[in-house]
$ cat input-v3.tsv   # TSV, C-alpha atoms and all ligand atoms
chain	number	residue	atom	x	y	z
A	1	MET	CA	18.77	-18.98	-13.83
A	2	PHE	CA	15.50	-17.45	-12.68
A	3	LYS	CA	12.89	-15.18	-14.22
A	4	GLY	CA	12.59	-11.58	-13.04
A	5	ILE	CA	11.72	-8.06	-14.12
A	6	LEU	CA	14.96	-6.15	-14.56
A	7	ILE	CA	15.15	-2.37	-14.71
A	8	ASP	CA	18.32	-0.77	-16.04
A	9	LYS	CA	19.47	2.69	-16.99
A	10	HIS	CA	22.29	3.52	-19.42
A	11	GLU	CA	23.03	7.08	-20.53
A	12	GLU	CA	19.58	8.25	-19.37
A	13	ILE	CA	17.84	5.41	-21.29
A	14	TYR	CA	15.56	3.52	-18.94
A	15	SER	CA	14.75	-0.12	-19.80
A	16	VAL	CA	12.33	-2.55	-18.16
A	17	LYS	CA	12.36	-6.19	-19.32
A	18	LEU	CA	11.32	-9.64	-18.21
A	19	GLU	CA	14.68	-11.47	-18.22
A	20	ASN	CA	16.40	-14.71	-17.30
A	21	ILE	CA	18.85	-13.76	-14.57
A	22	ASP	CA	21.82	-15.69	-13.22
A	23	GLU	CA	21.45	-16.65	-9.54
A	24	SER	CA	25.04	-15.57	-8.90
A	25	MET	CA	23.87	-11.97	-9.47
A	26	LEU	CA	21.53	-12.01	-6.44
A	27	PRO	CA	22.54	-9.46	-3.80
A	28	GLU	CA	24.03	-10.52	-0.48
A	29	GLY	CA	21.64	-11.66	2.23
A	30	ASP	CA	21.51	-14.31	4.93
A	31	VAL	CA	18.18	-15.75	3.73
A	32	SER	CA	17.47	-17.10	0.22
A	33	ILE	CA	13.84	-17.39	-0.83
A	34	ASP	CA	11.81	-18.99	-3.61
A	35	VAL	CA	9.29	-16.23	-4.23
A	36	HIS	CA	5.69	-17.36	-4.87
A	37	TYR	CA	3.89	-14.03	-5.23
A	38	SER	CA	4.72	-10.35	-5.26
A	39	SER	CA	2.22	-7.55	-5.80
A	40	LEU	CA	1.90	-4.27	-7.61
A	41	ASN	CA	1.96	-1.26	-5.32
A	42	TYR	CA	1.95	2.41	-6.32
A	43	LYS	CA	5.71	2.63	-5.70
A	44	ASP	CA	6.33	-0.41	-7.95
A	45	ALA	CA	4.33	1.25	-10.69
A	46	LEU	CA	6.39	4.44	-10.30
A	47	ALA	CA	9.58	2.35	-10.54
A	48	ILE	CA	8.44	0.33	-13.58
A	49	THR	CA	7.10	3.31	-15.52
A	50	GLY	CA	10.14	5.40	-14.51
A	51	GLN	CA	7.79	8.25	-13.52
A	52	SER	CA	9.62	8.93	-10.30
A	53	PRO	CA	13.20	8.18	-9.17
A	54	VAL	CA	12.18	5.29	-6.91
A	55	ILE	CA	15.13	3.15	-8.00
A	56	ARG	CA	18.40	4.27	-6.58
A	57	ARG	CA	20.71	1.49	-7.85
A	58	PHE	CA	20.86	-0.15	-11.29
A	59	PRO	CA	20.28	-2.80	-12.48
A	60	MET	CA	17.34	-3.39	-10.12
A	61	ILE	CA	14.60	-5.96	-9.71
A	62	PRO	CA	11.52	-3.97	-8.56
A	63	GLY	CA	8.88	-5.28	-6.16
A	64	ILE	CA	8.61	-3.82	-2.66
A	65	ASP	CA	6.91	-6.92	-1.29
A	66	PHE	CA	6.83	-10.69	-1.67
A	67	VAL	CA	5.85	-13.93	-0.02
A	68	GLY	CA	7.88	-17.09	-0.41
A	69	THR	CA	9.58	-20.13	1.05
A	70	VAL	CA	13.07	-20.08	2.55
A	71	THR	CA	15.52	-22.27	0.61
A	72	ASP	CA	18.69	-21.41	2.54
A	73	SER	CA	19.27	-19.49	5.76
A	74	SER	CA	21.99	-18.62	8.23
A	75	HIS	CA	19.56	-16.37	10.15
A	76	PRO	CA	18.52	-17.75	13.56
A	77	ASP	CA	14.77	-17.04	13.03
A	78	TYR	CA	14.34	-18.91	9.73
A	79	THR	CA	15.04	-22.42	8.53
A	80	VAL	CA	14.61	-24.09	5.14
A	81	GLY	CA	10.87	-24.37	4.43
A	82	SER	CA	9.81	-21.32	6.54
A	83	GLN	CA	7.17	-19.21	4.79
A	84	VAL	CA	7.95	-15.52	4.97
A	85	ILE	CA	6.68	-12.09	3.96
A	86	LEU	CA	8.73	-9.04	3.11
A	87	ASN	CA	7.45	-5.45	3.01
A	88	GLY	CA	9.71	-2.47	2.31
A	89	TRP	CA	13.15	-1.94	3.86
A	90	GLY	CA	14.27	-0.46	0.51
A	91	VAL	CA	13.71	-3.77	-1.28
A	92	GLY	CA	12.80	-3.02	-4.91
A	93	GLU	CA	14.51	0.38	-4.50
A	94	VAL	CA	18.12	-0.22	-3.37
A	95	HIS	CA	18.07	-4.01	-2.87
A	96	TRP	CA	16.70	-6.50	-5.46
A	97	GLY	CA	12.99	-7.03	-4.93
A	98	GLY	CA	10.08	-9.40	-5.24
A	99	LEU	CA	9.17	-9.29	-8.93
A	100	ALA	CA	11.34	-12.35	-9.56
A	101	GLN	CA	11.32	-16.06	-8.82
A	102	LYS	CA	14.19	-15.74	-6.33
A	103	ALA	CA	15.25	-13.25	-3.67
A	104	GLN	CA	18.08	-12.99	-1.18
A	105	VAL	CA	17.62	-10.60	1.75
A	106	ASN	CA	18.59	-9.76	5.32
A	107	GLY	CA	16.52	-12.05	7.56
A	108	ASP	CA	15.82	-9.16	9.95
A	109	TRP	CA	13.57	-7.69	7.25
A	110	LEU	CA	11.27	-10.71	7.13
A	111	VAL	CA	8.13	-11.56	9.08
A	112	PRO	CA	6.64	-15.07	9.24
A	113	LEU	CA	3.58	-15.71	7.06
A	114	PRO	CA	0.63	-15.45	9.50
A	115	SER	CA	-1.01	-18.86	9.92
A	116	LEU	CA	-4.46	-17.65	8.84
A	117	PHE	CA	-3.27	-16.52	5.38
A	118	ASP	CA	-2.08	-18.56	2.44
A	119	PRO	CA	0.63	-16.98	0.25
A	120	LEU	CA	-1.92	-15.68	-2.27
A	121	GLN	CA	-3.98	-13.96	0.42
A	122	ALA	CA	-0.82	-12.45	1.96
A	123	MET	CA	0.01	-10.74	-1.33
A	124	ALA	CA	-3.61	-9.78	-1.97
A	125	ILE	CA	-3.06	-7.72	1.19
A	126	GLY	CA	0.58	-6.87	0.40
A	127	THR	CA	2.26	-3.61	1.37
A	128	ALA	CA	-0.89	-1.63	0.55
A	129	GLY	CA	-2.99	-3.63	3.02
A	130	TYR	CA	-0.32	-3.69	5.71
A	131	THR	CA	-0.05	0.11	5.35
A	132	ALA	CA	-3.84	0.46	5.64
A	133	MET	CA	-3.60	-1.47	8.92
A	134	LEU	CA	-0.76	0.80	10.14
A	135	CYS	CA	-3.02	3.82	9.47
A	136	ILE	CA	-5.89	2.26	11.42
A	137	MET	CA	-3.60	1.32	14.32
A	138	ALA	CA	-2.43	4.97	14.42
A	139	LEU	CA	-6.06	6.20	14.54
A	140	GLU	CA	-6.68	3.85	17.48
A	141	ARG	CA	-3.45	4.82	19.33
A	142	ASN	CA	-4.64	8.41	19.12
A	143	GLY	CA	-8.02	7.71	20.67
A	144	ILE	CA	-10.32	7.12	17.70
A	145	THR	CA	-13.13	4.60	18.24
A	146	PRO	CA	-16.33	4.03	16.21
A	147	ASP	CA	-18.41	6.16	18.61
A	148	LYS	CA	-16.20	9.22	17.92
A	149	GLY	CA	-17.58	9.59	14.39
A	150	ASP	CA	-17.14	8.66	10.73
A	151	ILE	CA	-13.85	7.85	9.01
A	152	LEU	CA	-12.94	9.27	5.59
A	153	VAL	CA	-10.87	7.01	3.32
A	154	THR	CA	-9.41	8.74	0.25
A	155	GLY	CA	-8.36	6.99	-2.98
A	156	ALA	CA	-10.86	4.42	-1.79
A	157	ALA	CA	-10.96	2.24	-4.92
A	158	GLY	CA	-7.15	1.81	-4.90
A	159	GLY	CA	-5.04	-0.71	-2.97
A	160	VAL	CA	-4.55	0.98	0.42
A	161	GLY	CA	-8.04	2.51	0.22
A	162	SER	CA	-9.87	-0.76	-0.51
A	163	VAL	CA	-8.26	-2.65	2.37
A	164	ALA	CA	-8.78	0.32	4.73
A	165	VAL	CA	-12.50	0.46	3.87
A	166	ALA	CA	-12.86	-3.30	4.46
A	167	ILE	CA	-11.08	-3.29	7.85
A	168	LEU	CA	-12.73	-0.12	9.18
A	169	SER	CA	-16.22	-1.30	8.32
A	170	LYS	CA	-15.57	-4.67	9.99
A	171	LEU	CA	-14.40	-2.77	13.08
A	172	GLY	CA	-17.78	-1.00	13.19
A	173	TYR	CA	-16.85	2.39	11.76
A	174	LYS	CA	-19.09	4.29	9.38
A	175	VAL	CA	-16.80	4.70	6.39
A	176	ILE	CA	-17.04	7.56	3.91
A	177	ALA	CA	-15.18	6.59	0.74
A	178	LEU	CA	-13.74	9.37	-1.42
A	179	SER	CA	-13.20	8.25	-5.00
A	180	GLY	CA	-12.63	9.70	-8.45
A	181	ARG	CA	-14.53	6.64	-9.71
A	182	GLY	CA	-17.47	6.89	-7.33
A	183	GLU	CA	-20.14	6.16	-9.93
A	184	GLU	CA	-18.53	3.14	-11.57
A	185	GLU	CA	-17.21	1.75	-8.27
A	186	THR	CA	-20.25	2.30	-6.03
A	187	ALA	CA	-21.16	-1.41	-5.91
A	188	TYR	CA	-17.53	-2.38	-5.28
A	189	LEU	CA	-17.02	0.13	-2.46
A	190	LYS	CA	-20.34	-0.80	-0.85
A	191	SER	CA	-19.39	-4.49	-1.04
A	192	LEU	CA	-16.32	-3.64	1.06
A	193	GLY	CA	-18.51	-1.89	3.61
A	194	ALA	CA	-18.45	1.80	2.63
A	195	ALA	CA	-21.54	3.54	4.01
A	196	GLU	CA	-21.29	6.60	1.79
A	197	ILE	CA	-19.34	7.46	-1.36
A	198	ILE	CA	-18.31	11.00	-2.20
A	199	SER	CA	-16.73	12.30	-5.36
A	200	ARG	CA	-13.02	13.15	-5.32
A	201	SER	CA	-13.87	16.56	-6.80
A	202	VAL	CA	-15.54	17.57	-3.49
A	203	LEU	CA	-12.09	17.73	-1.85
A	204	SER	CA	-9.62	18.13	-4.71
A	205	GLU	CA	-9.86	21.90	-5.24
A	206	PRO	CA	-8.37	24.59	-2.97
A	207	GLY	CA	-10.71	24.91	0.04
A	208	ARG	CA	-11.30	26.93	3.20
A	209	ALA	CA	-8.97	26.87	6.20
A	210	LEU	CA	-11.76	25.34	8.30
A	211	GLY	CA	-14.89	23.62	7.03
A	212	LYS	CA	-17.81	21.75	8.49
A	213	GLU	CA	-16.76	19.13	11.07
A	214	GLN	CA	-17.56	15.94	9.14
A	215	TRP	CA	-15.35	13.04	10.25
A	216	ALA	CA	-13.43	11.92	13.32
A	217	GLY	CA	-10.62	10.24	11.42
A	218	VAL	CA	-9.02	10.06	7.99
A	219	VAL	CA	-6.94	7.53	6.07
A	220	ASP	CA	-5.39	9.59	3.28
A	221	VAL	CA	-3.43	8.20	0.33
A	222	VAL	CA	-3.78	11.26	-1.90
A	223	GLY	CA	-1.98	14.26	-0.31
A	224	SER	CA	-2.22	17.77	-1.81
A	225	HIS	CA	-5.62	19.58	-1.67
A	226	VAL	CA	-7.45	16.39	-0.71
A	227	LEU	CA	-5.34	16.04	2.45
A	228	ALA	CA	-5.63	19.77	3.23
A	229	ASN	CA	-9.44	19.67	2.86
A	230	ALA	CA	-9.65	16.40	4.79
A	231	CYS	CA	-7.90	18.12	7.73
A	232	ALA	CA	-10.08	21.23	7.43
A	233	ASN	CA	-13.24	19.12	7.71
A	234	THR	CA	-12.09	16.91	10.59
A	235	LYS	CA	-14.01	17.13	13.87
A	236	TYR	CA	-12.60	18.64	17.04
A	237	GLY	CA	-9.90	16.28	18.44
A	238	GLY	CA	-9.91	14.14	15.30
A	239	VAL	CA	-6.97	12.28	13.75
A	240	VAL	CA	-5.74	12.34	10.16
A	241	THR	CA	-3.28	9.69	8.95
A	242	ALA	CA	-1.28	10.57	5.84
A	243	CYS	CA	0.46	7.78	3.94
A	244	GLY	CA	0.35	8.68	0.26
A	245	LEU	CA	0.86	11.15	-2.55
A	246	ALA	CA	-1.31	9.79	-5.38
A	247	GLY	CA	-2.67	13.32	-5.93
A	248	GLY	CA	0.57	15.20	-5.23
A	249	MET	CA	3.45	15.64	-2.84
A	250	ASP	CA	2.37	19.15	-1.77
A	251	PHE	CA	0.31	20.00	1.29
A	252	PRO	CA	-1.39	23.36	0.65
A	253	ALA	CA	-2.98	23.68	4.10
A	254	THR	CA	-3.19	26.08	7.04
A	255	VAL	CA	-2.52	25.30	10.70
A	256	ALA	CA	-6.15	26.17	11.58
A	257	PRO	CA	-7.41	22.56	12.08
A	258	PHE	CA	-4.43	21.78	14.31
A	259	ILE	CA	-4.49	24.88	16.53
A	260	LEU	CA	-8.25	25.59	16.61
A	261	ARG	CA	-9.66	22.05	16.61
A	262	GLY	CA	-6.81	20.05	18.13
A	263	VAL	CA	-6.69	17.84	15.04
A	264	SER	CA	-3.63	15.54	14.86
A	265	LEU	CA	-1.85	14.76	11.62
A	266	ILE	CA	0.02	11.45	11.82
A	267	GLY	CA	2.54	10.35	9.19
A	268	ILE	CA	2.61	6.68	8.27
A	269	ASP	CA	5.68	4.93	6.87
A	270	SER	CA	5.62	1.24	6.06
A	271	VAL	CA	9.17	0.99	4.68
A	272	MET	CA	11.33	1.46	7.79
A	273	CYS	CA	8.54	0.71	10.27
A	274	PRO	CA	9.95	-1.16	13.31
A	275	LYS	CA	9.41	-4.92	13.42
A	276	GLU	CA	7.13	-4.88	16.48
A	277	PHE	CA	4.57	-2.73	14.60
A	278	ARG	CA	4.83	-4.97	11.51
A	279	LEU	CA	4.11	-8.07	13.56
A	280	GLN	CA	1.21	-6.29	15.26
A	281	ALA	CA	-0.15	-5.09	11.92
A	282	TRP	CA	-0.08	-8.60	10.39
A	283	GLN	CA	-1.71	-10.03	13.51
A	284	ARG	CA	-4.42	-7.37	13.38
A	285	LEU	CA	-4.98	-8.14	9.68
A	286	GLU	CA	-5.66	-11.76	10.70
A	287	GLU	CA	-8.20	-10.56	13.26
A	288	ASP	CA	-9.85	-7.59	11.60
A	289	LEU	CA	-9.95	-8.21	7.86
A	290	ASP	CA	-12.70	-10.35	6.36
A	291	ILE	CA	-10.50	-12.51	4.11
A	292	THR	CA	-13.42	-13.45	1.88
A	293	LEU	CA	-13.35	-9.83	0.64
A	294	LEU	CA	-9.85	-10.34	-0.77
A	295	GLU	CA	-11.42	-12.13	-3.74
A	296	ASN	CA	-13.23	-8.88	-4.57
A	297	ILE	CA	-10.20	-6.70	-3.94
A	298	ALA	CA	-7.36	-8.55	-5.68
A	299	VAL	CA	-6.79	-10.10	-9.11
A	300	GLU	CA	-3.85	-12.36	-9.96
A	301	ILE	CA	-1.66	-11.56	-12.97
A	302	GLY	CA	1.43	-13.18	-14.51
A	303	MET	CA	4.89	-11.67	-14.99
A	304	SER	CA	4.25	-10.80	-18.66
A	305	GLU	CA	1.34	-8.56	-17.57
A	306	VAL	CA	3.26	-6.55	-14.96
A	307	ILE	CA	4.56	-3.76	-17.19
A	308	SER	CA	1.18	-2.89	-18.70
A	309	ALA	CA	-0.51	-3.21	-15.29
A	310	ALA	CA	1.97	-0.66	-13.90
A	311	ASP	CA	0.82	1.84	-16.57
A	312	ASP	CA	-2.80	1.15	-15.66
A	313	LEU	CA	-2.14	1.60	-11.95
A	314	ILE	CA	-0.43	4.98	-12.39
A	315	SER	CA	-3.33	6.09	-14.59
A	316	GLY	CA	-5.80	5.17	-11.82
A	317	ARG	CA	-7.40	2.38	-13.88
A	318	ILE	CA	-6.84	-0.45	-11.40
A	319	ARG	CA	-9.53	-1.38	-8.92
A	320	GLY	CA	-8.11	-2.70	-5.66
A	321	ARG	CA	-4.96	-4.76	-5.99
A	322	ARG	CA	-2.92	-6.86	-8.42
A	323	ILE	CA	-1.15	-9.97	-7.09
A	324	VAL	CA	1.78	-11.08	-9.25
A	325	ASN	CA	2.32	-14.83	-9.65
A	326	VAL	CA	6.06	-14.84	-10.41
A	327	ASN	CA	5.86	-18.40	-11.78
A	328	ARG	CA	3.19	-17.54	-14.34
B	1	LIG	N1	3.71	5.60	3.42
B	1	LIG	C1	3.85	4.34	3.05
B	1	LIG	O1	4.59	3.57	3.62
B	1	LIG	C2	3.03	3.85	1.90
B	1	LIG	C3	2.74	2.49	1.74
B	1	LIG	C4	1.88	2.10	0.68
B	1	LIG	C5	1.40	3.06	-0.18
B	1	LIG	N2	1.76	4.36	-0.01
B	1	LIG	C6	1.25	5.41	-0.89
B	1	LIG	O2	-0.16	5.40	-0.83
B	1	LIG	C7	-0.68	5.81	-2.10
B	1	LIG	C8	-1.66	4.75	-2.58
B	1	LIG	O3	-0.98	3.53	-2.86
B	1	LIG	P1	-1.78	2.33	-3.52
B	1	LIG	O4	-0.83	1.21	-3.67
B	1	LIG	O5	-3.06	2.17	-2.83
B	1	LIG	O6	-2.04	2.97	-4.98
B	1	LIG	P2	-3.31	2.78	-5.93
B	1	LIG	O7	-3.81	1.39	-5.84
B	1	LIG	O8	-2.91	3.33	-7.24
B	1	LIG	O9	-4.43	3.71	-5.27
B	1	LIG	C9	-4.33	5.11	-5.32
B	1	LIG	C10	-5.72	5.67	-5.49
B	1	LIG	O10	-5.65	7.08	-5.33
B	1	LIG	C11	-6.62	7.70	-6.18
B	1	LIG	N3	-5.92	8.62	-7.07
B	1	LIG	C12	-5.10	8.32	-8.10
B	1	LIG	N4	-4.65	9.43	-8.71
B	1	LIG	C13	-5.21	10.46	-8.03
B	1	LIG	C14	-5.15	11.89	-8.20
B	1	LIG	N5	-4.40	12.45	-9.16
B	1	LIG	N6	-5.84	12.65	-7.33
B	1	LIG	C15	-6.59	12.09	-6.35
B	1	LIG	N7	-6.70	10.76	-6.18
B	1	LIG	C16	-6.01	9.96	-7.00
B	1	LIG	C17	-7.31	6.58	-6.94
B	1	LIG	O11	-8.46	6.18	-6.19
B	1	LIG	P3	-9.95	6.58	-6.64
B	1	LIG	O12	-10.04	6.24	-8.10
B	1	LIG	O13	-10.83	5.77	-5.76
B	1	LIG	O14	-10.08	8.05	-6.40
B	1	LIG	C18	-6.31	5.45	-6.88
B	1	LIG	O15	-6.91	4.20	-7.02
B	1	LIG	C19	0.52	6.02	-3.01
B	1	LIG	O16	0.90	7.37	-3.01
B	1	LIG	C20	1.61	5.19	-2.34
B	1	LIG	O17	2.90	5.63	-2.65
B	1	LIG	C21	2.55	4.76	1.00
$ encode --input "input-v3.tsv" --output "structure tokens"
Amino acid sequence: MFKGILIDKHEEIYSVKLENIDESMLPEGDVSIDVHYSSLNYKDALAITGQSPVIRRFPMIPGIDFVGTVTDSSHPDYTVGSQVILNGWGVGEVHWGGLAQKAQVNGDWLVPLPSLFDPLQAMAIGTAGYTAMLCIMALERNGITPDKGDILVTGAAGGVGSVAVAILSKLGYKVIALSGRGEEETAYLKSLGAAEIISRSVLSEPGRALGKEQWAGVVDVVGSHVLANACANTKYGGVVTACGLAGGMDFPATVAPFILRGVSLIGIDSVMCPKEFRLQAWQRLEEDLDITLLENIAVEIGMSEVISAADDLISGRIRGRRIVNVNR
């Protein structure tokens, strides 16, 4: 038996419980893992609160990421004792996920734990941090460098936002952090390297098709009017990366920034992202993230705290990240 969060649905009644689960119920997979840590991402909070139909098969163990040690493997890349990370691939949505002491997955979905990180640090970064890195790599691939101008990071006090601010500032960018908690989180955002903090309300209302050219690049986790206004205020030739929908799924924009300023809008997906980009992203995290900042960004919680933390995350009350110690 092992401990895990189990989500079930019977006749439209949604239940989320910390349960003892029989190992024989684990899904098929060529690698078995003792999970050490998972983390709480926005998608996990949607799944646990039932606010959005993230889970497509019941019963389901949520948790879109984990780090752990291989206990059994018939996959050529992993042997017993290998330390591995998993991000995405539908884990925690259609395949049992990381918010449990054990997991069994397809070895092709795993990446080795980078040597510079211990398991706790890997989940302090988690899917949110790996996605932040994917956004930054996309800015770079599309020609953005610190001399091109400032970078706007939206939802800056959240998981993706916090890690993005930390990496960008270490890379030498001037980071403008957009936050709905600007006043209470000024010291936090500055400690991560934000040069300037602006209030979410500046970009969250319907705006003009084109505004003042303010930033060369954007990491957006919010969507909706914030994304539309972020595009409208991007400099000529700038690049906007869109990875989230914390403010809404809609995109009430015009084509003006794209056809009059040559702005590029790049979509970022961490779930089905090819393995070569994942490996690159984790290697870049080793190089370009000041790991001492992870102590500011992430707080460890135990399994009994996960359900209430999910409520807090959806309500925008969590600063940075929550690491889940599945053995606590
Ligand atoms: N595409 C992908 O593969 C991928 C991967 C990871 C995450 N995501 C998405 O990225 C987003 C952020 O994920 P996360 O884990 O960083 O979540 P998070 O920790 O909850 O951060 C989201 C942040 O967005 C801001 N926010 C919340 N509600 C908002 C609203 N109604 N309007 C405007 N801003 C709002 C808040 O920041 P402030 O308080 O600072 O304003 C909040 O901390 C989510 O939509 C998630 O699904 C996508």
$ residues_near_point --input "input-v3.tsv" --point "(-8.5, -10.3, 8.6)" --cutoff "10 Å" --atoms "only C-alpha atoms" --output "MDAnalysis selection string"
chainID A and resid 116:117 125 163 166:167 170 282:294
$ closest_residue --input "input-v3.tsv" --among "A:Ala128, A:Val202, A:Ile13, A:Cys231" --to "ligand LIG 1 (chain B)" --atoms "only C-alpha atoms and all ligand atoms"
A:Ala128
$ axis_aligned_box --input "input-v3.tsv" --around "ligand LIG 1 (chain B)" --padding-each-side "4 Å" --output "JSON"
{"center_x": -3.1, "center_y": 6.9, "center_z": -2.8, "size_x": 23.4, "size_y": 19.4, "size_z": 20.8}
$ residues_near_point --input "input-v3.tsv" --point "(-14.7, 10.8, 14.5)" --cutoff "7 Å" --atoms "all atoms listed in the file" --output "PyMOL selection string"
chain A and resi 144+148-151+215-217+235+238
$ residues_near_ligand --input "input-v3.tsv" --ligand "ligand LIG 1 (chain B)" --cutoff "7 Å" --atoms "only C-alpha atoms and all ligand atoms" --output "NGL selection string"
:A and (41-43 or 127-128 or 131 or 154-161 or 178-182 or 200 or 204 or 221-222 or 243-248 or 268-271 or 313-316 or 318-321)
$ write_last_selection --input "input-v3.tsv" --atoms "C-alpha atoms" --output "PDB file, keeping the file's coordinate frame"
ATOM      1  CA  ASN A  41       1.960  -1.260  -5.320  1.00  0.00           C
ATOM      2  CA  TYR A  42       1.950   2.410  -6.320  1.00  0.00           C
ATOM      3  CA  LYS A  43       5.710   2.630  -5.700  1.00  0.00           C
ATOM      4  CA  THR A 127       2.260  -3.610   1.370  1.00  0.00           C
ATOM      5  CA  ALA A 128      -0.890  -1.630   0.550  1.00  0.00           C
ATOM      6  CA  THR A 131      -0.050   0.110   5.350  1.00  0.00           C
ATOM      7  CA  THR A 154      -9.410   8.740   0.250  1.00  0.00           C
ATOM      8  CA  GLY A 155      -8.360   6.990  -2.980  1.00  0.00           C
ATOM      9  CA  ALA A 156     -10.860   4.420  -1.790  1.00  0.00           C
ATOM     10  CA  ALA A 157     -10.960   2.240  -4.920  1.00  0.00           C
ATOM     11  CA  GLY A 158      -7.150   1.810  -4.900  1.00  0.00           C
ATOM     12  CA  GLY A 159      -5.040  -0.710  -2.970  1.00  0.00           C
ATOM     13  CA  VAL A 160      -4.550   0.980   0.420  1.00  0.00           C
ATOM     14  CA  GLY A 161      -8.040   2.510   0.220  1.00  0.00           C
ATOM     15  CA  LEU A 178     -13.740   9.370  -1.420  1.00  0.00           C
ATOM     16  CA  SER A 179     -13.200   8.250  -5.000  1.00  0.00           C
ATOM     17  CA  GLY A 180     -12.630   9.700  -8.450  1.00  0.00           C
ATOM     18  CA  ARG A 181     -14.530   6.640  -9.710  1.00  0.00           C
ATOM     19  CA  GLY A 182     -17.470   6.890  -7.330  1.00  0.00           C
ATOM     20  CA  ARG A 200     -13.020  13.150  -5.320  1.00  0.00           C
ATOM     21  CA  SER A 204      -9.620  18.130  -4.710  1.00  0.00           C
ATOM     22  CA  VAL A 221      -3.430   8.200   0.330  1.00  0.00           C
ATOM     23  CA  VAL A 222      -3.780  11.260  -1.900  1.00  0.00           C
ATOM     24  CA  CYS A 243       0.460   7.780   3.940  1.00  0.00           C
ATOM     25  CA  GLY A 244       0.350   8.680   0.260  1.00  0.00           C
ATOM     26  CA  LEU A 245       0.860  11.150  -2.550  1.00  0.00           C
ATOM     27  CA  ALA A 246      -1.310   9.790  -5.380  1.00  0.00           C
ATOM     28  CA  GLY A 247      -2.670  13.320  -5.930  1.00  0.00           C
ATOM     29  CA  GLY A 248       0.570  15.200  -5.230  1.00  0.00           C
ATOM     30  CA  ILE A 268       2.610   6.680   8.270  1.00  0.00           C
ATOM     31  CA  ASP A 269       5.680   4.930   6.870  1.00  0.00           C
ATOM     32  CA  SER A 270       5.620   1.240   6.060  1.00  0.00           C
ATOM     33  CA  VAL A 271       9.170   0.990   4.680  1.00  0.00           C
ATOM     34  CA  LEU A 313      -2.140   1.600 -11.950  1.00  0.00           C
ATOM     35  CA  ILE A 314      -0.430   4.980 -12.390  1.00  0.00           C
ATOM     36  CA  SER A 315      -3.330   6.090 -14.590  1.00  0.00           C
ATOM     37  CA  GLY A 316      -5.800   5.170 -11.820  1.00  0.00           C
ATOM     38  CA  ILE A 318      -6.840  -0.450 -11.400  1.00  0.00           C
ATOM     39  CA  ARG A 319      -9.530  -1.380  -8.920  1.00  0.00           C
ATOM     40  CA  GLY A 320      -8.110  -2.700  -5.660  1.00  0.00           C
ATOM     41  CA  ARG A 321      -4.960  -4.760  -5.990  1.00  0.00           C
TER      42      ARG A 321
END
$ residues_around --input "input-v3.tsv" --residues "Lys17 in chain A" --least-positions-apart "3" --cutoff "7 Å" --atoms "only C-alpha atoms" --output "list in words"
Ile5, Leu6 and Ile7 of chain A
$ residues_around --input "input-v3.tsv" --residues "Lys102 in chain A" --least-positions-apart "3" --cutoff "7 Å" --atoms "all atoms listed in the file" --output "PyMOL selection string"
chain A and resi 2+33-35
$ atom_distance --input "input-v3.tsv" --atom1 "CA of Ala124 in chain A" --atom2 "CA of Ser74 in chain A"
28.9 Å
$ closest_residue --input "input-v3.tsv" --among "A:Ser73, A:Ser169, A:Asn87, A:Ser32" --to "Ile136 in chain A" --atoms "all atoms listed in the file"
A:Ser169
$ atom_distance --input "input-v3.tsv" --atom1 "CA of Val218 in chain A" --atom2 "CA of Asn142 in chain A"
12.1 Å
$ residues_around --input "input-v3.tsv" --residues "His10 in chain A" --least-positions-apart "3" --cutoff "12 Å" --atoms "only C-alpha atoms" --output "NGL selection string"
:A and (7 or 13-16 or 57-59)
$ atom_distance --input "input-v3.tsv" --atom1 "CA of Val219 in chain A" --atom2 "CA of Leu203 in chain A"
13.9 Å
$ residues_around --input "input-v3.tsv" --residues "Val84 in chain A" --least-positions-apart "4" --cutoff "6 Å" --atoms "only C-alpha atoms" --output "number ranges by chain"
A: 67-68, 111-113
$ write_last_selection --input "input-v3.tsv" --atoms "C-alpha atoms" --output "PDB file, in the frame of the given file"
ATOM      1  CA  VAL A  67       5.850 -13.930  -0.020  1.00  0.00           C
ATOM      2  CA  GLY A  68       7.880 -17.090  -0.410  1.00  0.00           C
ATOM      3  CA  VAL A 111       8.130 -11.560   9.080  1.00  0.00           C
ATOM      4  CA  PRO A 112       6.640 -15.070   9.240  1.00  0.00           C
ATOM      5  CA  LEU A 113       3.580 -15.710   7.060  1.00  0.00           C
TER       6      LEU A 113
END
$ closest_residue --input "input-v3.tsv" --among "A:Gly211, A:Leu171, A:Ser201, A:Pro119" --to "Met133 in chain A" --atoms "all atoms listed in the file"
A:Leu171
$ closest_residue --input "input-v3.tsv" --among "A:Glu213, A:Asp220, A:Glu93, A:Glu205" --to "Gly63 in chain A" --atoms "all atoms listed in the file"
A:Glu93
$ build_atoms --input "input-v3.tsv" --residues "range 182-186 of chain A" --atoms "N, CA and C atoms" --output "short mmCIF file (atom, residue, chain, number, x, y, z; two decimals), keeping the file's coordinate frame"
data_model
loop_
_atom_site.label_atom_id
_atom_site.label_comp_id
_atom_site.auth_asym_id
_atom_site.auth_seq_id
_atom_site.Cartn_x
_atom_site.Cartn_y
_atom_site.Cartn_z
N GLY A 182 -16.34 7.18 -8.20
CA GLY A 182 -17.47 6.89 -7.33
C GLY A 182 -18.63 6.22 -8.04
N GLU A 183 -18.95 6.72 -9.25
CA GLU A 183 -20.14 6.16 -9.93
C GLU A 183 -19.91 4.73 -10.38
N GLU A 184 -18.76 4.50 -11.07
CA GLU A 184 -18.53 3.14 -11.57
C GLU A 184 -18.17 2.15 -10.46
N GLU A 185 -17.65 2.66 -9.33
CA GLU A 185 -17.21 1.75 -8.27
C GLU A 185 -18.13 1.73 -7.04
N THR A 186 -19.34 2.28 -7.18
CA THR A 186 -20.25 2.30 -6.03
C THR A 186 -20.49 0.89 -5.49
#
